[in-house]
Amino acid sequence: MQVTTGATGGAAQTGYRWYVLAILTIAQTCHGIDRAIIGLVLQPVGQEFGLTGAQLGLLAGVAYGVPFALAAIPFGYAVDRYNRKTLMTFALSAWSAATALCGAVTGFWTMLAGRAAVGVAEAGGSPTGMSLLSDYFGTDKRSTAIGIWYLSSGIGTAVAFFVGGWIVVEYGWRWAFVAAGIPGLLLAPFLFFTVREPKRGQQDAAQDQSDAPLTERLRLLFARPGIGYAIAAITCIATGIYGMSTWLASFLVNSHAFSLPKAGLVVAIAYGILGSVGGLAAGWGADRINAKRGGFDPAHTVFLASAIPLLTAIAGLLAVSADDASLAVAFLMVAGLLSASYNGPVYAVIVTVAGPQLRGLAVSAVQMSANLIGVGLGAWLIGKVSDMVGGKDGVAWGIGTAMLFCLAGGTLLALASRQIKKSNQYRS
């Protein structure tokens with residue numbers, strides 16, 4: 001199978017595709033803010049409602065991740081069959097409203113319901129956005145485009161922890177939720193009225209249309225080389241990265257006596273600013289390397305990406321084991337820089353190998369597994385280990401345990417590379 005490398009016509013040949021990328025990146029930034037804000041307010045929420053570390057871990061992880069996972073496959077199926085602009089507008093409006101309503105909760109169970117609603121709606125964000133982008137950008141720019149789109153994760157985290165930290169101090173944690181939900185509600189009309197639905201598959205080699213039922217489409221998807229390993233890898237990485245980013249502010253407060261605004265600033269810089277820089281650089285670098293090698297090579301691209309979670313785990317382990325606060329922060333900056341860097345290259349491989357008729361389902365399958373196991377397990381695991389160890393370094397032990405999953409993720413990406421290479425189907 002030959003992989004196309006350029007724009008093939010229509011809006012994709014103009015600067016309009018970059019406008020679409022900007023709008024979708026801002027929408028996904030709202031996704032990042034609304035997902036991350038819970039990590040900032042864990043301590044004040046726990047104090048107000050008298051919650052344990054495990055309960056807070058459930059709110060940060062399972063309450064969001066399980067509903068997200070249950071909604072992911074239905075959303076992915078819809079993305080491959082229906083108007084994606086409409087789906088994206090609906091999802092953006094719903095998760096933003098649900099986030100704002102979290103400011104009115106009265107205890108553990110109402111907060112759990114609010115986070116579940118956010119999770120269900122946000123399940124539509126990634127598969128819809130990535131499917132749209134794949135029809136605006138060919139494989140020659142796809143890693144770069146997805147890398148730029150994944151700036152949203154870092155920017156969202158930075159806004160949530162930096163601006164949110166100020167709001168929590170000045171107005172309380174409830175207003176942080178309200179403020180987090182407003183941008184998405186304002187953006188939704190712009191997305192609906194200014195983004196055009198592109199022709200599906202216009203950037204890829206022609207493939208047969210498939211009207212097969214969901215079970216058959218899933219079978220076809222997992223028959224594609226490297227897909228199973230890639231999904232397992234991202235699930236493991238999400239366990240470590242999301243768990244760590246969610247509990248970092250609590251780690252700095254507990255282990256190094258940081259104030260909450262100061263801890264939020266560190267997380268904003270590490271996982272926000274530096275995370276964005278790393279993600280953009282990795283996506284652009286993957287496209288540059290492929291161009292010099294004669295075209296997009298999925299096997300080589302995912303092999304290069306496999307080193308990133310391994311290095312992230314090393315930096316994370318060094319950060320939580322450091323006695324000196326300055327040294328811990330320095331290693332956290334390295335971990336933050338690397339944390340999102342695998343996204344552009346790996347997702348470019350996934351949407352290319354899956355093809356235009358299955359890529360919505362492919363991204364949803366990744367998101368389902370990553371959120372059901374990764375996000376759900378990561379935040380809860382750290383909270384549980386923290387309760388078991390106790391003391392000021394309990395969270396540090398929890399984060400260290402979660403980093404082991406990043407090591408597994410890097411190994412699985414290397415196996416994905418090997419399987420794709422053996423198939424010999426995707427060399428341009």
# chains A, B, ... in the order shown; residues from 1 in each chain; ligands from 1
$ closest_atom_pairs --of "stretch 138-185 of chain A" --to "stretch 245-266 of chain A" --cutoff "6 Å" --atoms "only C-alpha atoms" --output "JSON lines"
{"residue": "A:Phe161", "atom": "CA", "partner": "A:Gly264", "partner_atom": "CA", "distance": 4.7}
{"residue": "A:Phe162", "atom": "CA", "partner": "A:Leu265", "partner_atom": "CA", "distance": 5.3}
{"residue": "A:Gly165", "atom": "CA", "partner": "A:Pro261", "partner_atom": "CA", "distance": 5.1}
$ closest_residue --among "A:Thr239, A:Ser134, A:Gln28, A:Asn424" --to "A:Gly398" --atoms "only C-alpha atoms"
A:Thr239
$ atom_distance --atom1 "atom CA of A:Thr215" --atom2 "atom CA of A:Tyr342"
29.1 Å
$ atom_distance --atom1 "atom CA of A:Pro74" --atom2 "atom CA of A:Gly344"
24.1 Å
$ residues_around --residues "A:Lys85" --least-positions-apart "6" --cutoff "9 Å" --atoms "only C-alpha atoms" --output "list in words"
Thr128, Gly129, Leu132, Leu191, Phe192, Val195, Arg196 and Glu197 of chain A
$ residues_around --residues "A:Trp95" --least-positions-apart "2" --cutoff "7 Å" --atoms "only C-alpha atoms" --output "PDB file with N, CA, C and O atoms, in the first residue's frame"
ATOM      1  N   ALA A  91     -19.988  17.939  21.243  1.00  0.00           N
ATOM      2  CA  ALA A  91     -19.118  17.457  22.314  1.00  0.00           C
ATOM      3  C   ALA A  91     -18.494  18.617  23.079  1.00  0.00           C
ATOM      4  O   ALA A  91     -18.453  18.626  24.318  1.00  0.00           O
ATOM      5  N   LEU A  92     -17.991  19.618  22.350  1.00  0.00           N
ATOM      6  CA  LEU A  92     -17.364  20.782  22.974  1.00  0.00           C
ATOM      7  C   LEU A  92     -18.337  21.506  23.894  1.00  0.00           C
ATOM      8  O   LEU A  92     -17.994  21.870  25.031  1.00  0.00           O
ATOM      9  N   SER A  93     -19.549  21.724  23.429  1.00  0.00           N
ATOM     10  CA  SER A  93     -20.553  22.412  24.248  1.00  0.00           C
ATOM     11  C   SER A  93     -20.893  21.613  25.493  1.00  0.00           C
ATOM     12  O   SER A  93     -21.021  22.174  26.599  1.00  0.00           O
ATOM     13  N   ALA A  97     -20.057  22.755  29.437  1.00  0.00           N
ATOM     14  CA  ALA A  97     -21.164  22.995  30.369  1.00  0.00           C
ATOM     15  C   ALA A  97     -21.039  22.101  31.599  1.00  0.00           C
ATOM     16  O   ALA A  97     -21.268  22.551  32.742  1.00  0.00           O
ATOM     17  N   ALA A  98     -20.672  20.841  31.394  1.00  0.00           N
ATOM     18  CA  ALA A  98     -20.535  19.921  32.522  1.00  0.00           C
ATOM     19  C   ALA A  98     -19.430  20.369  33.469  1.00  0.00           C
ATOM     20  O   ALA A  98     -19.558  20.250  34.700  1.00  0.00           O
ATOM     21  N   THR A  99     -18.317  20.882  32.923  1.00  0.00           N
ATOM     22  CA  THR A  99     -17.226  21.375  33.764  1.00  0.00           C
ATOM     23  C   THR A  99     -17.685  22.548  34.619  1.00  0.00           C
ATOM     24  O   THR A  99     -17.424  22.595  35.827  1.00  0.00           O
ATOM     25  N   VAL A 118     -18.369  15.098  32.149  1.00  0.00           N
ATOM     26  CA  VAL A 118     -17.246  15.642  31.380  1.00  0.00           C
ATOM     27  C   VAL A 118     -16.576  14.539  30.569  1.00  0.00           C
ATOM     28  O   VAL A 118     -16.265  14.706  29.388  1.00  0.00           O
ATOM     29  N   ALA A 121     -18.634  13.407  27.393  1.00  0.00           N
ATOM     30  CA  ALA A 121     -18.598  14.379  26.299  1.00  0.00           C
ATOM     31  C   ALA A 121     -17.211  14.491  25.677  1.00  0.00           C
ATOM     32  O   ALA A 121     -17.079  14.603  24.441  1.00  0.00           O
ATOM     33  N   GLU A 122     -16.156  14.451  26.502  1.00  0.00           N
ATOM     34  CA  GLU A 122     -14.805  14.611  25.967  1.00  0.00           C
ATOM     35  C   GLU A 122     -14.358  13.402  25.150  1.00  0.00           C
ATOM     36  O   GLU A 122     -13.387  13.495  24.394  1.00  0.00           O
TER      37      GLU A 122
END
$ residues_around --residues "A:Ala330" --least-positions-apart "6" --cutoff "12 Å" --atoms "only C-alpha atoms" --output "short mmCIF file (atom, residue, chain, number, x, y, z; two decimals) with all heavy atoms, in the first residue's frame"
data_model
loop_
_atom_site.label_atom_id
_atom_site.label_comp_id
_atom_site.auth_asym_id
_atom_site.auth_seq_id
_atom_site.Cartn_x
_atom_site.Cartn_y
_atom_site.Cartn_z
N VAL A 266 4.70 25.50 38.80
CA VAL A 266 5.68 24.50 38.35
C VAL A 266 5.05 23.53 37.36
O VAL A 266 5.61 23.22 36.31
CB VAL A 266 6.28 23.74 39.56
CG1 VAL A 266 7.13 22.56 39.08
CG2 VAL A 266 7.11 24.67 40.42
N VAL A 267 3.84 23.03 37.69
CA VAL A 267 3.16 22.09 36.80
C VAL A 267 2.81 22.78 35.48
O VAL A 267 2.93 22.18 34.40
CB VAL A 267 1.90 21.53 37.47
CG1 VAL A 267 1.16 20.59 36.52
CG2 VAL A 267 2.25 20.79 38.75
N ILE A 269 4.40 25.20 33.98
CA ILE A 269 5.60 25.36 33.15
C ILE A 269 6.06 24.01 32.61
O ILE A 269 6.35 23.86 31.41
CB ILE A 269 6.73 26.02 33.97
CG1 ILE A 269 6.36 27.46 34.33
CG2 ILE A 269 8.05 25.99 33.18
CD1 ILE A 269 7.32 28.13 35.28
N ALA A 270 6.11 23.00 33.49
CA ALA A 270 6.65 21.69 33.09
C ALA A 270 5.75 20.98 32.09
O ALA A 270 6.19 20.58 31.00
CB ALA A 270 6.86 20.82 34.32
N LEU A 274 6.59 23.65 28.59
CA LEU A 274 7.62 22.73 28.07
C LEU A 274 7.00 21.52 27.38
O LEU A 274 7.53 21.03 26.38
CB LEU A 274 8.55 22.30 29.20
CG LEU A 274 9.42 23.40 29.79
CD1 LEU A 274 10.29 22.85 30.91
CD2 LEU A 274 10.30 24.04 28.72
N ALA A 315 13.26 10.43 34.01
CA ALA A 315 13.21 11.77 34.58
C ALA A 315 12.21 11.84 35.72
O ALA A 315 12.47 12.47 36.76
CB ALA A 315 12.84 12.79 33.49
N GLY A 316 11.05 11.18 35.58
CA GLY A 316 10.04 11.19 36.63
C GLY A 316 10.52 10.51 37.90
O GLY A 316 10.29 11.00 39.01
N LEU A 318 13.62 10.14 38.87
CA LEU A 318 14.65 10.99 39.49
C LEU A 318 14.01 12.17 40.22
O LEU A 318 14.48 12.58 41.28
CB LEU A 318 15.62 11.49 38.42
CG LEU A 318 16.55 10.43 37.80
CD1 LEU A 318 17.32 11.01 36.62
CD2 LEU A 318 17.53 9.90 38.86
N ALA A 319 12.91 12.70 39.67
CA ALA A 319 12.25 13.85 40.28
C ALA A 319 11.66 13.49 41.64
O ALA A 319 11.85 14.22 42.62
CB ALA A 319 11.16 14.39 39.36
N VAL A 320 10.94 12.38 41.73
CA VAL A 320 10.26 12.06 43.00
C VAL A 320 11.21 11.47 44.03
O VAL A 320 10.85 11.38 45.21
CB VAL A 320 9.08 11.10 42.75
CG1 VAL A 320 8.02 11.76 41.89
CG2 VAL A 320 9.53 9.78 42.16
N ALA A 322 14.34 12.77 44.47
CA ALA A 322 15.30 13.82 44.84
C ALA A 322 14.91 14.44 46.18
O ALA A 322 13.74 14.79 46.40
CB ALA A 322 15.36 14.89 43.75
N ASP A 324 16.37 17.30 47.30
CA ASP A 324 16.44 18.75 47.11
C ASP A 324 15.31 19.22 46.21
O ASP A 324 15.08 18.66 45.13
CB ASP A 324 17.79 19.12 46.49
CG ASP A 324 17.93 20.61 46.28
OD1 ASP A 324 18.09 21.34 47.26
OD2 ASP A 324 17.85 21.03 45.10
N GLY A 336 8.34 16.90 31.95
CA GLY A 336 7.29 17.65 31.28
C GLY A 336 7.59 17.89 29.81
O GLY A 336 6.71 17.77 28.95
N LEU A 337 8.83 18.23 29.50
CA LEU A 337 9.25 18.45 28.11
C LEU A 337 9.00 17.22 27.26
O LEU A 337 8.57 17.30 26.11
CB LEU A 337 10.73 18.83 28.08
CG LEU A 337 11.35 19.04 26.69
CD1 LEU A 337 10.79 20.30 26.04
CD2 LEU A 337 12.87 19.14 26.81
#
$ closest_residue --among "A:Val163, A:Ala230, A:Val168, A:Val20" --to "A:Ala370" --atoms "only C-alpha atoms"
A:Ala230
$ atom_distance --atom1 "atom CA of A:Trp18" --atom2 "atom CA of A:Ala188"
18.0 Å
$ residues_around --residues "A:Ala145" --least-positions-apart "2" --cutoff "12 Å" --atoms "only C-alpha atoms" --output "number ranges by chain"
A: 17-22, 24-25, 129-143, 147-152, 279-287, 343-345, 347-348
